[in-house]
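S.K.: The following file, start_23.txt, comprises compact mmCIF, C-alpha atoms:
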# COMPACT_ATOMS: atom_id res chain seq x y z
CA MET Y 257 77.10 -50.49 8.25
CA SER Y 258 75.53 -51.45 11.46
CA PRO Y 259 71.76 -50.70 11.87
CA VAL Y 260 70.75 -47.80 14.14
CA THR Y 261 68.23 -48.49 16.86
CA CYS Y 262 66.14 -45.61 18.26
CA GLN Y 263 64.56 -45.89 21.64
CA HIS Y 264 62.08 -43.56 23.39
CA GLU Y 265 61.65 -43.57 27.07
CA ALA Y 266 58.58 -41.90 28.52
CA SER Y 267 58.99 -39.99 31.73
CA GLY Y 268 56.54 -39.39 34.54
CA ASP Y 269 52.83 -40.34 34.46
CA HIS Y 270 52.59 -39.68 30.73
CA SER Y 271 53.32 -43.36 30.13
CA TYR Y 272 49.89 -44.36 31.51
CA PRO Y 273 46.81 -44.29 29.28
CA VAL Y 274 43.41 -42.77 30.24
CA THR Y 275 40.78 -45.46 30.67
CA ASN Y 276 37.42 -46.31 32.26
CA VAL Y 277 35.93 -42.85 31.81
CA SER Y 278 32.31 -42.64 33.04
CA ILE Y 279 29.62 -40.07 33.92
CA THR Y 280 27.18 -40.17 36.79
CA GLY Y 281 24.10 -38.11 36.09
CA PRO Y 282 20.65 -37.28 37.53
CA ASN Y 283 18.33 -40.25 38.06
CA ILE Y 284 15.12 -38.26 38.65
CA THR Y 285 12.47 -36.87 36.37
CA LEU Y 286 13.65 -33.45 35.29
CA VAL Y 287 10.94 -30.79 35.03
CA GLU Y 288 11.64 -27.32 33.72
CA GLY Y 289 11.92 -24.75 36.45
CA LYS Y 290 11.29 -27.28 39.22
CA THR Y 291 14.30 -29.62 39.43
CA SER Y 292 18.12 -29.55 39.09
CA ALA Y 293 20.73 -31.83 37.53
CA LYS Y 294 24.30 -32.76 38.52
CA PHE Y 295 26.92 -34.60 36.44
CA SER Y 296 30.17 -36.17 37.77
CA CYS Y 297 33.01 -37.55 35.63
CA ASP Y 298 35.58 -40.21 36.64
CA GLY Y 299 38.34 -42.19 34.94
CA LYS Y 300 41.69 -43.98 35.44
CA GLY Y 301 45.15 -43.16 34.24
CA SER Y 302 47.21 -40.04 34.11
CA ILE Y 303 44.55 -37.30 33.78
CA THR Y 304 45.64 -33.72 33.39
CA THR Y 305 42.63 -32.12 31.65
CA THR Y 306 38.82 -32.41 32.08
CA GLU Y 307 36.52 -30.89 29.48
CA TRP Y 308 32.71 -30.82 29.29
CA LEU Y 309 30.68 -30.64 26.09
CA LYS Y 310 26.94 -30.55 25.28
CA ASP Y 311 25.73 -31.77 21.88
CA GLY Y 312 29.31 -31.47 20.56
CA GLN Y 313 29.77 -27.86 21.77
CA ARG Y 314 31.90 -26.78 24.71
CA LEU Y 315 29.78 -26.25 27.83
CA SER Y 316 30.29 -22.85 29.39
CA GLU Y 317 29.57 -21.65 32.91
CA SER Y 318 26.58 -19.37 33.55
CA ASP Y 319 24.27 -18.30 36.37
CA ARG Y 320 22.58 -21.71 36.17
CA ILE Y 321 25.59 -23.87 35.20
CA ILE Y 322 28.33 -24.20 37.84
CA PHE Y 323 31.61 -26.24 37.60
CA SER Y 324 33.51 -27.72 40.56
CA ALA Y 325 37.03 -26.54 41.38
CA ASP Y 326 38.69 -29.63 39.76
CA ASN Y 327 36.22 -29.46 36.85
CA ARG Y 328 35.17 -33.07 37.45
CA SER Y 329 31.51 -32.20 38.12
CA VAL Y 330 28.91 -29.71 36.84
CA SER Y 331 25.55 -28.64 38.30
CA ILE Y 332 22.54 -27.10 36.51
CA ASN Y 333 19.94 -25.42 38.71
CA PRO Y 334 17.13 -25.15 37.73
CA VAL Y 335 16.98 -27.11 34.53
CA SER Y 336 15.45 -25.65 31.36
CA ARG Y 337 14.11 -27.27 28.23
CA SER Y 338 17.24 -26.15 26.43
CA ASP Y 339 19.30 -28.36 28.79
CA SER Y 340 17.95 -31.51 27.15
CA GLY Y 341 20.62 -33.30 25.12
CA GLU Y 342 23.87 -35.27 25.27
CA TYR Y 343 26.61 -34.33 27.78
CA ILE Y 344 30.21 -35.49 27.19
CA CYS Y 345 33.08 -35.64 29.65
CA ASN Y 346 36.53 -35.73 28.00
CA LEU Y 347 39.54 -36.74 30.16
CA SER Y 348 43.02 -36.44 28.66
CA ASN Y 349 46.75 -35.99 29.02
CA PRO Y 350 49.23 -34.80 26.41
CA ILE Y 351 49.48 -38.30 24.95
CA ILE Y 352 45.96 -39.72 25.00
CA HIS Y 353 42.35 -38.96 25.91
CA ASP Y 354 39.11 -40.82 26.61
CA GLN Y 355 35.47 -39.73 27.07
CA ALA Y 356 32.00 -40.75 28.23
CA ASN Y 357 28.51 -39.37 27.52
CA TYR Y 358 25.20 -38.99 29.31
CA SER Y 359 21.84 -37.83 27.90
CA ILE Y 360 18.98 -36.16 29.73
CA THR Y 361 15.48 -35.02 28.87
CA VAL Y 362 13.87 -32.06 30.55
CA PHE Y 363 10.07 -32.17 30.56
CA TYR Y 364 8.15 -28.93 30.11
CA GLY Y 365 4.88 -27.39 29.05
CA PRO Y 366 2.36 -27.34 27.76
CA ASP Y 367 2.58 -23.90 26.14
CA VAL Y 368 -0.59 -23.24 24.15
CA LYS Y 369 -1.30 -20.82 21.30
CA ILE Y 370 -4.18 -20.68 18.79
CA LEU Y 371 -3.53 -19.70 15.18
CA GLY Y 372 -6.33 -18.55 12.88
CA ALA Y 373 -8.49 -15.68 11.64
CA GLU Y 374 -10.46 -13.52 14.04
CA ILE Y 375 -13.09 -12.30 11.53
CA LEU Y 376 -14.69 -14.41 8.78
CA ASP Y 377 -17.52 -13.90 6.30
CA GLU Y 378 -20.56 -16.08 6.68
CA GLY Y 379 -20.26 -19.21 4.52
CA SER Y 380 -16.47 -19.46 4.66
CA ASP Y 381 -14.68 -22.32 6.42
CA ILE Y 382 -13.35 -21.97 9.95
CA LEU Y 383 -9.75 -23.23 10.33
CA LEU Y 384 -8.06 -22.92 13.73
CA TYR Y 385 -4.85 -24.62 14.82
CA CYS Y 386 -3.89 -25.29 18.43
CA LEU Y 387 -0.11 -25.01 18.61
CA VAL Y 388 1.17 -26.84 21.70
CA SER Y 389 4.79 -26.98 22.85
CA SER Y 390 5.21 -29.78 25.37
CA ALA Y 391 7.43 -32.66 26.40
CA PRO Y 392 6.07 -35.25 26.47
CA PRO Y 393 3.35 -34.37 23.93
CA ALA Y 394 0.24 -33.04 25.61
CA SER Y 395 -3.34 -34.14 25.15
CA LEU Y 396 -5.76 -31.39 24.15
CA ILE Y 397 -9.44 -30.60 23.81
CA TRP Y 398 -11.37 -27.87 22.00
CA THR Y 399 -14.41 -26.08 23.37
CA VAL Y 400 -16.62 -23.65 21.46
CA ASN Y 401 -18.60 -21.32 23.68
CA TYR Y 402 -17.67 -23.67 26.53
CA LYS Y 403 -19.01 -26.82 24.83
CA ASP Y 404 -16.71 -29.71 23.83
CA ALA Y 405 -15.80 -29.55 20.14
CA GLY Y 406 -13.00 -32.07 19.43
CA THR Y 407 -9.53 -33.27 20.40
CA SER Y 408 -7.53 -32.71 17.18
CA ALA Y 409 -4.95 -29.96 16.97
CA LEU Y 410 -6.73 -28.66 13.83
CA TYR Y 411 -10.27 -27.42 14.31
CA MET Y 412 -12.33 -27.10 11.12
CA GLN Y 413 -15.92 -26.05 10.49
CA GLU Y 414 -17.23 -25.83 6.93
CA ASN Y 415 -19.81 -23.30 5.73
CA SER Y 416 -19.77 -21.09 8.81
CA ARG Y 417 -22.90 -19.37 10.11
CA LEU Y 418 -23.47 -16.36 12.34
CA SER Y 419 -24.10 -18.73 15.25
CA HIS Y 420 -20.49 -19.94 14.99
CA SER Y 421 -19.27 -16.63 16.40
CA GLY Y 422 -17.92 -16.90 19.92
CA ILE Y 423 -15.02 -18.01 22.12
CA TYR Y 424 -12.87 -20.94 20.96
CA THR Y 425 -10.71 -22.50 23.69
CA CYS Y 426 -7.90 -25.04 23.35
CA SER Y 427 -6.86 -26.73 26.59
CA ALA Y 428 -3.73 -28.94 26.83
CA SER Y 429 -2.51 -31.13 29.67
CA ASN Y 430 0.91 -32.73 30.37
CA ASN Y 431 0.80 -35.85 32.54
CA ILE Y 432 4.50 -35.54 33.54
CA THR Y 433 4.67 -31.88 34.51
CA GLY Y 434 1.10 -31.98 35.80
CA GLU Y 435 0.36 -28.70 34.05
CA ILE Y 436 -2.95 -27.86 32.32
CA ARG Y 437 -2.94 -24.67 30.26
CA SER Y 438 -5.42 -23.05 27.87
CA ALA Y 439 -5.60 -20.41 25.16
CA LYS Y 440 -8.72 -18.55 24.04
CA HIS Y 441 -9.58 -17.18 20.61
CA THR Y 442 -12.52 -14.88 19.83
CA LEU Y 443 -14.04 -15.45 16.39
CA THR Y 444 -16.61 -13.23 14.68
CA VAL Y 445 -18.62 -14.49 11.71
CA ARG Y 446 -20.14 -11.51 9.91
CA GLY Y 447 -23.17 -11.69 7.67
CA THR Y 448 -23.00 -11.14 3.92
CA SER Y 449 -25.70 -10.31 1.36
CA VAL Y 450 -25.31 -12.22 -1.91
CA LEU Y 451 -27.07 -10.52 -4.85
CA THR Y 452 -27.81 -12.01 -8.24
CA PRO Y 453 -26.68 -10.16 -11.40
CA GLY Y 454 -30.30 -9.17 -12.07
CA GLU Y 455 -30.66 -7.66 -8.58
CA ILE Y 456 -27.43 -5.72 -9.00
CA ALA Y 457 -28.62 -4.36 -12.39
CA GLY Y 458 -31.92 -3.33 -10.85
CA ILE Y 459 -30.16 -1.41 -8.09
CA VAL Y 460 -27.96 0.39 -10.62
CA VAL Y 461 -30.95 1.41 -12.75
CA GLY Y 462 -32.83 2.62 -9.68
CA VAL Y 463 -29.91 4.77 -8.58
CA ILE Y 464 -29.63 6.34 -12.04
CA LEU Y 465 -33.36 7.15 -12.10
CA LEU Y 466 -33.17 8.75 -8.68
CA VAL Y 467 -30.26 10.93 -9.79
CA LEU Y 468 -32.12 12.05 -12.93
CA LEU Y 469 -35.24 12.83 -10.88
CA ALA Y 470 -33.23 14.90 -8.40
CA VAL Y 471 -31.58 16.90 -11.22
CA SER Y 472 -34.97 17.52 -12.91
CA MET Y 473 -36.54 18.75 -9.66
CA PHE Y 474 -33.57 21.06 -9.06
CA PHE Y 475 -33.88 22.80 -12.44
CA ASN Y 476 -37.70 23.02 -12.19
CA PHE Y 477 -37.35 24.68 -8.81
CA ARG Y 478 -34.84 27.18 -10.19
CA ASN Y 479 -37.15 28.06 -13.11
CA PHE Y 480 -40.10 28.44 -10.77
CA LYS Y 481 -38.16 30.82 -8.54
CA GLY Y 482 -37.09 32.83 -11.63
CA PHE Y 483 -40.66 33.07 -12.85
CA ARG Y 484 -41.89 34.29 -9.48
CA GLY Y 485 -39.07 36.82 -9.29
CA ASN Y 486 -39.81 38.19 -12.76
CA ALA Y 487 -43.52 38.37 -12.03
CA GLN Y 488 -42.87 40.21 -8.80
CA ILE Y 489 -40.56 42.71 -10.51
CA HIS Y 490 -43.14 43.20 -13.31
CA ASN Y 491 -45.90 43.85 -10.79
CA GLU Y 492 -43.75 46.33 -8.90
CA ASP Y 493 -42.91 48.15 -12.15
CA ASN Y 494 -46.61 48.33 -13.03
CA MET Y 495 -47.42 49.71 -9.62
CA LYS Y 496 -44.70 52.34 -9.95
CA ASN Y 497 -45.98 53.32 -13.40
CA GLN Y 498 -49.49 53.62 -12.03
CA ASP Y 499 -48.22 55.78 -9.21
CA ARG Y 500 -46.54 58.09 -11.72
CA GLN Y 501 -49.51 58.25 -14.10
CA ILE Y 502 -52.33 58.71 -11.59
CA PRO Y 503 -51.83 61.64 -9.20
CA LYS Y 504 -53.02 61.14 -5.69
CA ILE Y 505 -55.61 63.95 -5.19
CA PRO Y 506 -57.35 64.30 -1.92
CA LYS Y 507 -61.06 63.97 -2.07
CA VAL Y 508 -62.84 67.22 -1.30
CA GLU Y 509 -66.51 66.68 -0.58
CA GLU Y 510 -67.28 65.27 -4.00
CA THR Y 511 -66.49 68.71 -5.54
CA PRO Y 512 -65.31 68.88 -9.17
CA MET Y 513 -61.67 69.92 -9.47
CA GLU Y 514 -59.28 71.08 -12.11
CA ILE Y 515 -55.56 70.25 -12.23
CA ILE Y 516 -53.27 72.76 -13.92
CA ALA Y 517 -49.51 72.11 -14.23
CA PHE Y 518 -47.09 74.88 -15.14
CA LYS Y 519 -43.42 75.65 -14.71
CA ASN Y 520 -41.81 78.22 -12.45
CA PRO Y 521 -44.88 80.19 -11.43
CA THR Y 522 -44.13 83.76 -10.43
CA THR Y 523 -46.45 83.55 -7.46
CA TYR Y 524 -44.29 80.82 -5.77
CA GLN Y 525 -41.06 82.02 -4.10
CA ASN Y 526 -40.68 79.92 -0.95
CA THR Y 527 -37.97 77.24 -0.71
CA ASP Y 528 -40.08 74.82 1.22
CA ASP Y 529 -43.28 73.17 0.15
CA ILE Y 530 -46.09 75.69 0.51
CA TYR Y 531 -49.82 75.87 0.38
CA MET Y 532 -51.44 79.11 -0.89
CA CYS Y 533 -55.11 79.86 -1.01
CA GLU Y 534 -56.88 82.91 -2.54
CA ASP Y 535 -60.29 83.97 -3.74
CA ASN Y 536 -60.13 84.72 -7.44
CA GLY Y 537 -63.76 85.71 -7.81
CA TRP Y 538 -64.74 82.33 -9.14
CA GLY Y 539 -64.45 80.68 -5.84
CA LEU Y 540 -61.61 79.40 -3.55
CA GLN Y 541 -58.32 78.78 -5.34
CA MET Y 542 -55.58 76.61 -3.68
CA SER Y 543 -51.99 76.31 -4.94
CA ILE Y 544 -49.60 73.63 -3.66
CA GLY Y 545 -45.83 73.78 -4.40
CA PHE Y 546 -43.36 70.88 -4.21
CA GLY Y 547 -39.75 71.99 -3.96
CA GLU Y 548 -37.75 74.76 -5.54
CA GLN Y 549 -35.59 73.05 -8.18
CA GLY Y 550 -36.68 71.97 -11.69
CA MET Y 551 -40.28 71.42 -12.73
CA HIS Y 552 -42.84 72.48 -10.13
CA ARG Y 553 -46.22 71.15 -10.15
CA PHE Y 554 -49.10 73.10 -8.81
CA MET Y 555 -52.62 72.15 -8.39
CA LYS Y 556 -55.45 74.60 -8.36
CA LEU Y 557 -58.56 73.37 -6.86
CA PHE Y 558 -61.58 75.42 -7.69
CA LEU Y 559 -64.46 75.05 -5.44
CA LEU Y 560 -67.18 75.97 -7.82
CA THR Y 561 -70.34 77.46 -6.50
CA SER Y 562 -73.64 77.19 -8.13
For the structure just supplied, provide its representation as structure tokens.

M.R.:
Amino acid sequence: MSPVTCQHEASGDHSYPVTNVSITGPNITLVEGKTSAKFSCDGKGSITTTEWLKDGQRLSESDRIIFSADNRSVSINPVSRSDSGEYICNLSNPIIHDQANYSITVFYGPDVKILGAEILDEGSDILLYCLVSSAPPASLIWTVNYKDAGTSALYMQENSRLSHSGIYTCSASNNITGEIRSAKHTLTVRGTSVLTPGEIAGIVVGVILLVLLAVSMFFNFRNFKGFRGNAQIHNEDNMKNQDRQIPKIPKVEETPMEIIAFKNPTTYQNTDDIYMCEDNGWGLQMSIGFGEQGMHRFMKLFLLTS
């Protein structure tokens, strides 16, 4: 059997490989929000497709990222810190592909923020951290109540005092962007009173004694009011008894008088209180009546003559 020979003949431009792929990128210092970047891709061979990637992910068009009609170039205006990274241009045809890459760095910042407590007890340690986001790294300085206090990102003060209260400022500067930015932090150190166990026990005992004294005074005051009330009622009862026992007799020129009480006298018939006077041969006799119902009391006053 004769051997079989297979031959493949490529047609068109597909027989040419893709070679010499390269990217032309920005050659200026890129600053966030201030500059723009443009990339162009070129290569040799039969090229049917151009694809752009950033950090291994397909680059998509947006309001800042614009592609040319043939897809061979891309513009970013303005650049952002997120645009930093590696850009890849991939040129291909159905048979083969080739690519090139280009990296950029976008400078930004500094963005400054202070982390730490706003209120501390006297005697505790002060720990404040100046968080700075910047490319390249920024230089910073601390001021406390507007006086220089160090250049480290971490500010620490042991055994704080009331005088450490105030305004803490972290200022950062970026020599590429030319920006200097600051953040302020207000710290309050509050005083504390440290008592010994003996002092605490003394305070507790004093409070208990004050409570007992207040309770004792309360009950004594109640008893005193009760005693005065009872005494007043007793005195009023005595006065009423005296009023009932001792008749109030008008004084008649130091003349001896006789009081006679009897019930329902036949000589009294008026319904209102009445005064009757008659001469009974012994002298002047006066009768006084008080009401019509029940026991009537009459008084006869004899004016005796000598």

S.K.: Expressed in Å to a single decimal, how great is the separation between CA of Thr448 in chain Y and CA of Ser416 in chain Y?

M.R.: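 Separation of CA of Thr448 in chain Y and CA of Ser416 in chain Y: 11.5 Å.
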
S.K.: Work out how far CA of Ala405 in chain Y is from CA of Ser421 in chain Y, in Å to one decimal.

M.R.: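 Taking CA of Ser421 in chain Y and CA of Ala405 in chain Y, their separation equals 13.9 Å.
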
S.K.: Just the number, please: distance in Å from CA of Glu414 in chain Y to CA of Ile397 in chain Y, one decimal.

M.R.: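 Pair CA of Glu414 in chain Y / CA of Ile397 in chain Y returns 19.2 Å.
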
S.K.: Could you tell me which of Y:Asn415, Y:Ser472, Y:Ser336, Y:Ser390 comes closest to Glu435 in chain Y if we count all atoms listed in the file?

M.R.: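 Checking each candidate against Glu435 in chain Y, we get Y:Ser390 as the closest.
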
S.K.: Using only C-alpha atoms, which residue out of Y:Thr285, Y:Ser338, Y:Ser348, Y:Ser427 lies closest to Tyr272 in chain Y?

M.R.: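 Smallest separation from Tyr272 in chain Y among the options: Y:Ser348.
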
S.K.: Show me, as a list in words, the residues that have an atom within 8 Å of Val445 in chain Y when counting all atoms listed in the file, minus same-chain residues fewer than 6 positions from it.

M.R.: Ile375, Leu376, Asp377, Glu378, Ser416, Arg417, Leu418, Ser419, His420 and Ser421 of chain Y

S.K.: Can you tell me which residues surround range 340-347 of chain Y at a distance of at most 6 Å, considering all atoms listed in the file, apart from same-chain residues fewer than 6 positions away, and format the answer as a tab-separated table (two decimals) with C-alpha atoms, keeping the file's coordinate frame?

M.R.:
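File written: part-v4.tsv
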chain	number	residue	atom	x	y	z
Y	305	THR	CA	42.63	-32.12	31.65
Y	306	THR	CA	38.82	-32.41	32.08
Y	307	GLU	CA	36.52	-30.89	29.48
Y	308	TRP	CA	32.71	-30.82	29.29
Y	309	LEU	CA	30.68	-30.64	26.09
Y	310	LYS	CA	26.94	-30.55	25.28
Y	311	ASP	CA	25.73	-31.77	21.88
Y	353	HIS	CA	42.35	-38.96	25.91
Y	354	ASP	CA	39.11	-40.82	26.61
Y	355	GLN	CA	35.47	-39.73	27.07
Y	356	ALA	CA	32.00	-40.75	28.23
Y	357	ASN	CA	28.51	-39.37	27.52
Y	358	TYR	CA	25.20	-38.99	29.31
Y	359	SER	CA	21.84	-37.83	27.90
Y	360	ILE	CA	18.98	-36.16	29.73
Y	361	THR	CA	15.48	-35.02	28.87
Y	362	VAL	CA	13.87	-32.06	30.55

S.K.: With all atoms listed in the file as the atoms that count, which of Y:Leu286, Y:Leu384, Y:Leu466, Y:Ile351 lies nearest to Ile303 in chain Y?

M.R.: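 Comparing Y:Leu286, Y:Leu384, Y:Leu466, Y:Ile351 against Ile303 in chain Y, the winner is Y:Ile351.
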
S.K.: When you look at Ser408 in chain Y with a cut-off of 12 Å (counting all atoms listed in the file), what residues show up, excluding the ones that are within fewer than 4 positions of it in the same chain? I need them as a ChimeraX atom specification.

M.R.: /Y:383-388,394-399,404,412,426-428

S.K.: Skipping near chain neighbours, those fewer than 3 positions away, what residues fall within 7 Å of His441 in chain Y using only C-alpha atoms, listed as a ChimeraX atom specification?

M.R.: /Y:370,423-425

S.K.: Restricting the calculation to all atoms listed in the file: of Y:Lys440, Y:Arg314, Y:Arg320, Y:Arg328, which residue gets closest to Gly372 in chain Y?

M.R.: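 Selected residue with least distance to Gly372 in chain Y: Y:Lys440.
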